[in-house]
Amino acid sequence: MNDLNKFADSMHYYPVGVADADGQDLDQALASRGMGGSGVPLVGMIWAQTTNGVIGKDGGMPWHLPEDLKHFKDSTLGHPVVMGRRTWESFPDAFRPLPGRTNIVISSREGLAAELEPLGAVVVPSLEAALETAEGSEGSDRIWIVGGSQVYGEAEPLADIAVVTVINTETEGDSYAPRLGSEWTFTGVSPAQGWYTSGNGLQYRFALWTRNRNVTDQDGREPLA
């Protein structure tokens, strides 16, 4: 069975540092941390990165990982997605806008709204405006920040969760993942040990980080270092 079929129904995270624990889907993992279900939208960041933190090069991703694309779709479908203009432009024409999601593009470029809104995007001038728009959109119990680097950097102080696909390779790039500091907890991982192997030979795994807003003295860790 290939990895795409493995995740056809549900992808499970395994608690970090807990031996023989059962896997949990994202909703269960968040509920175990007391997150979600309060009526207040959760802001999540989602990205794929190499082990040296690269998330992009020349406006695209310097790898092809179908399992990550499926994971991204399964995680974000039905919820608003917030992105910068260059992230919007990086999607193939056939996938703009991302279907089943309110696509919110942050840009101050004059005239861009007139260009993109007929295509199905909502253009706003700032992250603050993007989050306000997302809160009024369908599926706003969870709002996903999907790139790029500048938007991740602005959103990191406001985000509640980060879902990270880590690819077991190093590569050159010009766009890097945000650093998650001491207020973040490495909460879950899939698989429980080791790596999945894609049909094209790439090794990868999924990591769940949650903001620990009530903890002030915790060592920060690099994603899956």
# chains A, B, ... in the order shown; residues from 1 in each chain; ligands from 1
call {"tool": "select_by_dssp", "arguments": {"residues": "range 5-199 of chain A", "states": "strand (DSSP E or B)", "output": "PyMOL selection string"}}
result
chain A and resi 13-15+24+42-50+54-57+60+81-84+103-106+121-124+142-145+161-167+175-176+184-190+196-197
call {"tool": "write_last_selection", "arguments": {"atoms": "N, CA and C atoms", "output": "compact mmCIF listing (two decimals), in the first residue's frame"}}
result
# COMPACT_ATOMS: atom_id res chain seq x y z
N TYR A 13 -1.41 11.67 14.55
CA TYR A 13 -0.21 12.13 15.23
C TYR A 13 -0.03 11.31 16.51
N TYR A 14 1.22 11.03 16.83
CA TYR A 14 1.53 10.29 18.04
C TYR A 14 2.21 11.23 19.03
N PRO A 15 1.74 11.24 20.30
CA PRO A 15 2.30 12.17 21.28
C PRO A 15 3.80 12.00 21.42
N GLN A 24 -3.64 10.07 17.27
CA GLN A 24 -4.82 10.92 17.30
C GLN A 24 -4.90 11.72 16.01
N LEU A 42 -9.11 29.01 15.63
CA LEU A 42 -7.70 28.66 15.78
C LEU A 42 -6.96 29.10 14.53
N VAL A 43 -5.83 29.74 14.71
CA VAL A 43 -4.99 30.15 13.59
C VAL A 43 -3.85 29.15 13.47
N GLY A 44 -3.78 28.48 12.32
CA GLY A 44 -2.75 27.49 12.09
C GLY A 44 -1.84 27.89 10.95
N MET A 45 -0.57 27.52 11.06
CA MET A 45 0.37 27.67 9.96
C MET A 45 0.68 26.27 9.44
N ILE A 46 0.79 26.13 8.14
CA ILE A 46 1.09 24.83 7.55
C ILE A 46 2.12 25.03 6.44
N TRP A 47 3.16 24.21 6.48
CA TRP A 47 4.19 24.29 5.43
C TRP A 47 4.96 22.98 5.36
N ALA A 48 5.73 22.82 4.30
CA ALA A 48 6.68 21.72 4.15
C ALA A 48 8.08 22.32 4.10
N GLN A 49 9.04 21.63 4.72
CA GLN A 49 10.40 22.13 4.75
C GLN A 49 11.38 20.96 4.69
N THR A 50 12.60 21.26 4.24
CA THR A 50 13.68 20.30 4.34
C THR A 50 14.26 20.36 5.75
N VAL A 54 14.52 24.87 4.43
CA VAL A 54 14.11 25.46 3.16
C VAL A 54 12.65 25.13 2.89
N ILE A 55 11.87 26.16 2.51
CA ILE A 55 10.48 25.93 2.11
C ILE A 55 10.24 26.29 0.65
N GLY A 56 11.21 26.93 -0.01
CA GLY A 56 10.98 27.29 -1.40
C GLY A 56 12.24 27.78 -2.08
N LYS A 57 12.16 27.77 -3.41
CA LYS A 57 13.25 28.28 -4.24
C LYS A 57 12.66 28.74 -5.57
N GLY A 60 8.88 28.36 -6.12
CA GLY A 60 8.26 27.04 -6.04
C GLY A 60 8.92 26.20 -4.97
N VAL A 81 -7.95 30.03 3.74
CA VAL A 81 -6.49 30.00 3.65
C VAL A 81 -6.00 31.41 3.34
N VAL A 82 -4.93 31.81 4.03
CA VAL A 82 -4.37 33.15 3.92
C VAL A 82 -2.97 33.03 3.34
N MET A 83 -2.66 33.86 2.35
CA MET A 83 -1.37 33.75 1.67
C MET A 83 -0.94 35.10 1.13
N GLY A 84 0.34 35.20 0.81
CA GLY A 84 0.85 36.36 0.09
C GLY A 84 0.65 36.21 -1.40
N ASN A 103 -9.99 31.77 -0.45
CA ASN A 103 -8.60 32.13 -0.72
C ASN A 103 -8.41 33.62 -0.46
N ILE A 104 -7.63 33.97 0.54
CA ILE A 104 -7.41 35.36 0.93
C ILE A 104 -5.96 35.71 0.64
N VAL A 105 -5.75 36.70 -0.21
CA VAL A 105 -4.41 37.08 -0.66
C VAL A 105 -4.06 38.44 -0.08
N ILE A 106 -2.91 38.51 0.59
CA ILE A 106 -2.44 39.76 1.17
C ILE A 106 -1.54 40.46 0.17
N ALA A 121 -10.31 35.00 -5.75
CA ALA A 121 -9.54 35.35 -4.56
C ALA A 121 -10.13 36.60 -3.91
N VAL A 122 -9.91 36.73 -2.61
CA VAL A 122 -10.24 37.95 -1.88
C VAL A 122 -8.91 38.63 -1.56
N VAL A 123 -8.74 39.87 -2.00
CA VAL A 123 -7.48 40.59 -1.81
C VAL A 123 -7.64 41.59 -0.68
N VAL A 124 -6.71 41.56 0.27
CA VAL A 124 -6.74 42.46 1.42
C VAL A 124 -5.34 43.06 1.60
N ARG A 142 -11.14 27.21 11.99
CA ARG A 142 -9.70 27.03 11.81
C ARG A 142 -9.27 27.84 10.59
N ILE A 143 -8.32 28.72 10.78
CA ILE A 143 -7.81 29.59 9.71
C ILE A 143 -6.38 29.18 9.43
N TRP A 144 -6.07 28.91 8.16
CA TRP A 144 -4.74 28.41 7.81
C TRP A 144 -3.91 29.48 7.11
N ILE A 145 -2.70 29.69 7.62
CA ILE A 145 -1.70 30.53 6.97
C ILE A 145 -0.85 29.61 6.10
N ILE A 161 -1.24 26.91 16.21
CA ILE A 161 -0.69 25.61 15.85
C ILE A 161 0.17 25.75 14.60
N ALA A 162 1.10 24.82 14.44
CA ALA A 162 1.89 24.72 13.21
C ALA A 162 1.94 23.25 12.82
N VAL A 163 1.57 22.98 11.58
CA VAL A 163 1.60 21.63 11.02
C VAL A 163 2.70 21.63 9.96
N VAL A 164 3.74 20.83 10.20
CA VAL A 164 4.95 20.90 9.40
C VAL A 164 5.27 19.54 8.79
N THR A 165 5.42 19.50 7.47
CA THR A 165 5.95 18.32 6.81
C THR A 165 7.46 18.50 6.71
N VAL A 166 8.20 17.58 7.33
CA VAL A 166 9.66 17.64 7.30
C VAL A 166 10.17 16.61 6.31
N ILE A 167 10.94 17.05 5.34
CA ILE A 167 11.47 16.19 4.29
C ILE A 167 12.93 15.91 4.61
N SER A 175 13.84 30.68 0.43
CA SER A 175 12.72 30.94 1.33
C SER A 175 12.79 29.92 2.46
N TYR A 176 12.64 30.40 3.70
CA TYR A 176 12.89 29.54 4.86
C TYR A 176 11.72 29.54 5.82
N TRP A 184 6.55 27.49 21.95
CA TRP A 184 5.97 26.41 21.16
C TRP A 184 6.38 25.05 21.72
N THR A 185 5.45 24.09 21.65
CA THR A 185 5.70 22.73 22.11
C THR A 185 5.59 21.76 20.94
N PHE A 186 6.58 20.91 20.79
CA PHE A 186 6.55 19.83 19.81
C PHE A 186 5.62 18.76 20.36
N THR A 187 4.39 18.71 19.83
CA THR A 187 3.30 17.97 20.45
C THR A 187 3.09 16.58 19.86
N GLY A 188 3.16 16.47 18.52
CA GLY A 188 2.84 15.20 17.89
C GLY A 188 3.66 14.96 16.65
N VAL A 189 3.80 13.69 16.28
CA VAL A 189 4.59 13.33 15.11
C VAL A 189 3.97 12.11 14.44
N SER A 190 4.11 12.02 13.14
CA SER A 190 3.65 10.85 12.39
C SER A 190 4.65 10.58 11.27
N TYR A 196 8.22 8.16 6.88
CA TYR A 196 7.53 7.56 5.76
C TYR A 196 8.44 7.66 4.53
N THR A 197 8.22 6.79 3.56
CA THR A 197 8.95 6.86 2.30
C THR A 197 7.97 7.03 1.16
call {"tool": "closest_residue", "arguments": {"among": "A:Pro178, A:Gly153, A:Gly147, A:Pro66", "to": "Trp88 in chain A", "atoms": "only C-alpha atoms"}}
result
A:Gly147
call {"tool": "closest_residue", "arguments": {"among": "A:Ser182, A:Ser198, A:Gln193, A:Thr87", "to": "Gly17 in chain A", "atoms": "only C-alpha atoms"}}
result
A:Gln193
call {"tool": "residues_around", "arguments": {"residues": "His79 in chain A", "least_positions_apart": "3", "cutoff": "6 Å", "atoms": "only C-alpha atoms", "output": "MDAnalysis selection string"}}
result
chainID A and resid 76 101 139:140
call {"tool": "write_last_selection", "arguments": {"atoms": "N, CA and C atoms", "output": "PDB file, in the first residue's frame"}}
result
ATOM      1  N   THR A  76      -6.530  21.548   5.061  1.00  0.00           N
ATOM      2  CA  THR A  76      -7.063  22.901   4.855  1.00  0.00           C
ATOM      3  C   THR A  76      -8.446  22.936   4.220  1.00  0.00           C
ATOM      4  N   ARG A 101     -12.149  26.293  -0.406  1.00  0.00           N
ATOM      5  CA  ARG A 101     -11.558  27.137   0.625  1.00  0.00           C
ATOM      6  C   ARG A 101     -11.668  28.593   0.195  1.00  0.00           C
ATOM      7  N   GLY A 139     -16.150  27.872   7.547  1.00  0.00           N
ATOM      8  CA  GLY A 139     -15.093  27.041   8.115  1.00  0.00           C
ATOM      9  C   GLY A 139     -14.094  27.808   8.949  1.00  0.00           C
ATOM     10  N   SER A 140     -14.513  28.938   9.515  1.00  0.00           N
ATOM     11  CA  SER A 140     -13.568  29.816  10.208  1.00  0.00           C
ATOM     12  C   SER A 140     -13.190  29.336  11.603  1.00  0.00           C
TER      13      SER A 140
END
call {"tool": "closest_residue", "arguments": {"among": "A:Gly181, A:Pro118, A:Val16, A:Thr169", "to": "Gly201 in chain A", "atoms": "only C-alpha atoms"}}
result
A:Thr169
call {"tool": "atom_distance", "arguments": {"atom1": "CA of Gly173 in chain A", "atom2": "CA of Thr102 in chain A"}}
result
28.8 Å
call {"tool": "closest_residue", "arguments": {"among": "A:Asp74, A:Arg211, A:Gly111, A:Ala192", "to": "Asp20 in chain A", "atoms": "only C-alpha atoms"}}
result
A:Ala192
call {"tool": "atom_distance", "arguments": {"atom1": "CA of Ser137 in chain A", "atom2": "CA of Leu77 in chain A"}}
result
12.9 Å
call {"tool": "atom_distance", "arguments": {"atom1": "CA of Arg109 in chain A", "atom2": "CA of Gly136 in chain A"}}
result
23.4 Å
call {"tool": "closest_residue", "arguments": {"among": "A:Asp174, A:Pro41, A:Gln203, A:Phe72", "to": "Glu132 in chain A", "atoms": "only C-alpha atoms"}}
result
A:Pro41
call {"tool": "residues_around", "arguments": {"residues": "Gly37 in chain A", "least_positions_apart": "2", "cutoff": "12 Å", "atoms": "only C-alpha atoms", "output": "list of chain:residue names"}}
result
A:Asp27, A:Gln28, A:Leu30, A:Ala31, A:Ser32, A:Arg33, A:Gly34, A:Met35, A:Gly39, A:Val40, A:Pro41, A:Leu42, A:Ser140, A:Asp141, A:Arg142
call {"tool": "closest_residue", "arguments": {"among": "A:Glu67, A:Leu127, A:Glu172, A:Leu180", "to": "Ala155 in chain A", "atoms": "only C-alpha atoms"}}
result
A:Leu127
call {"tool": "select_by_dssp", "arguments": {"residues": "chain A", "states": "helix (DSSP H, G or I)", "output": "NGL selection string"}}
result
:A and (3-6 or 26-32 or 66-76 or 85-90 or 93-95 or 112-119 or 127-135 or 149-158)
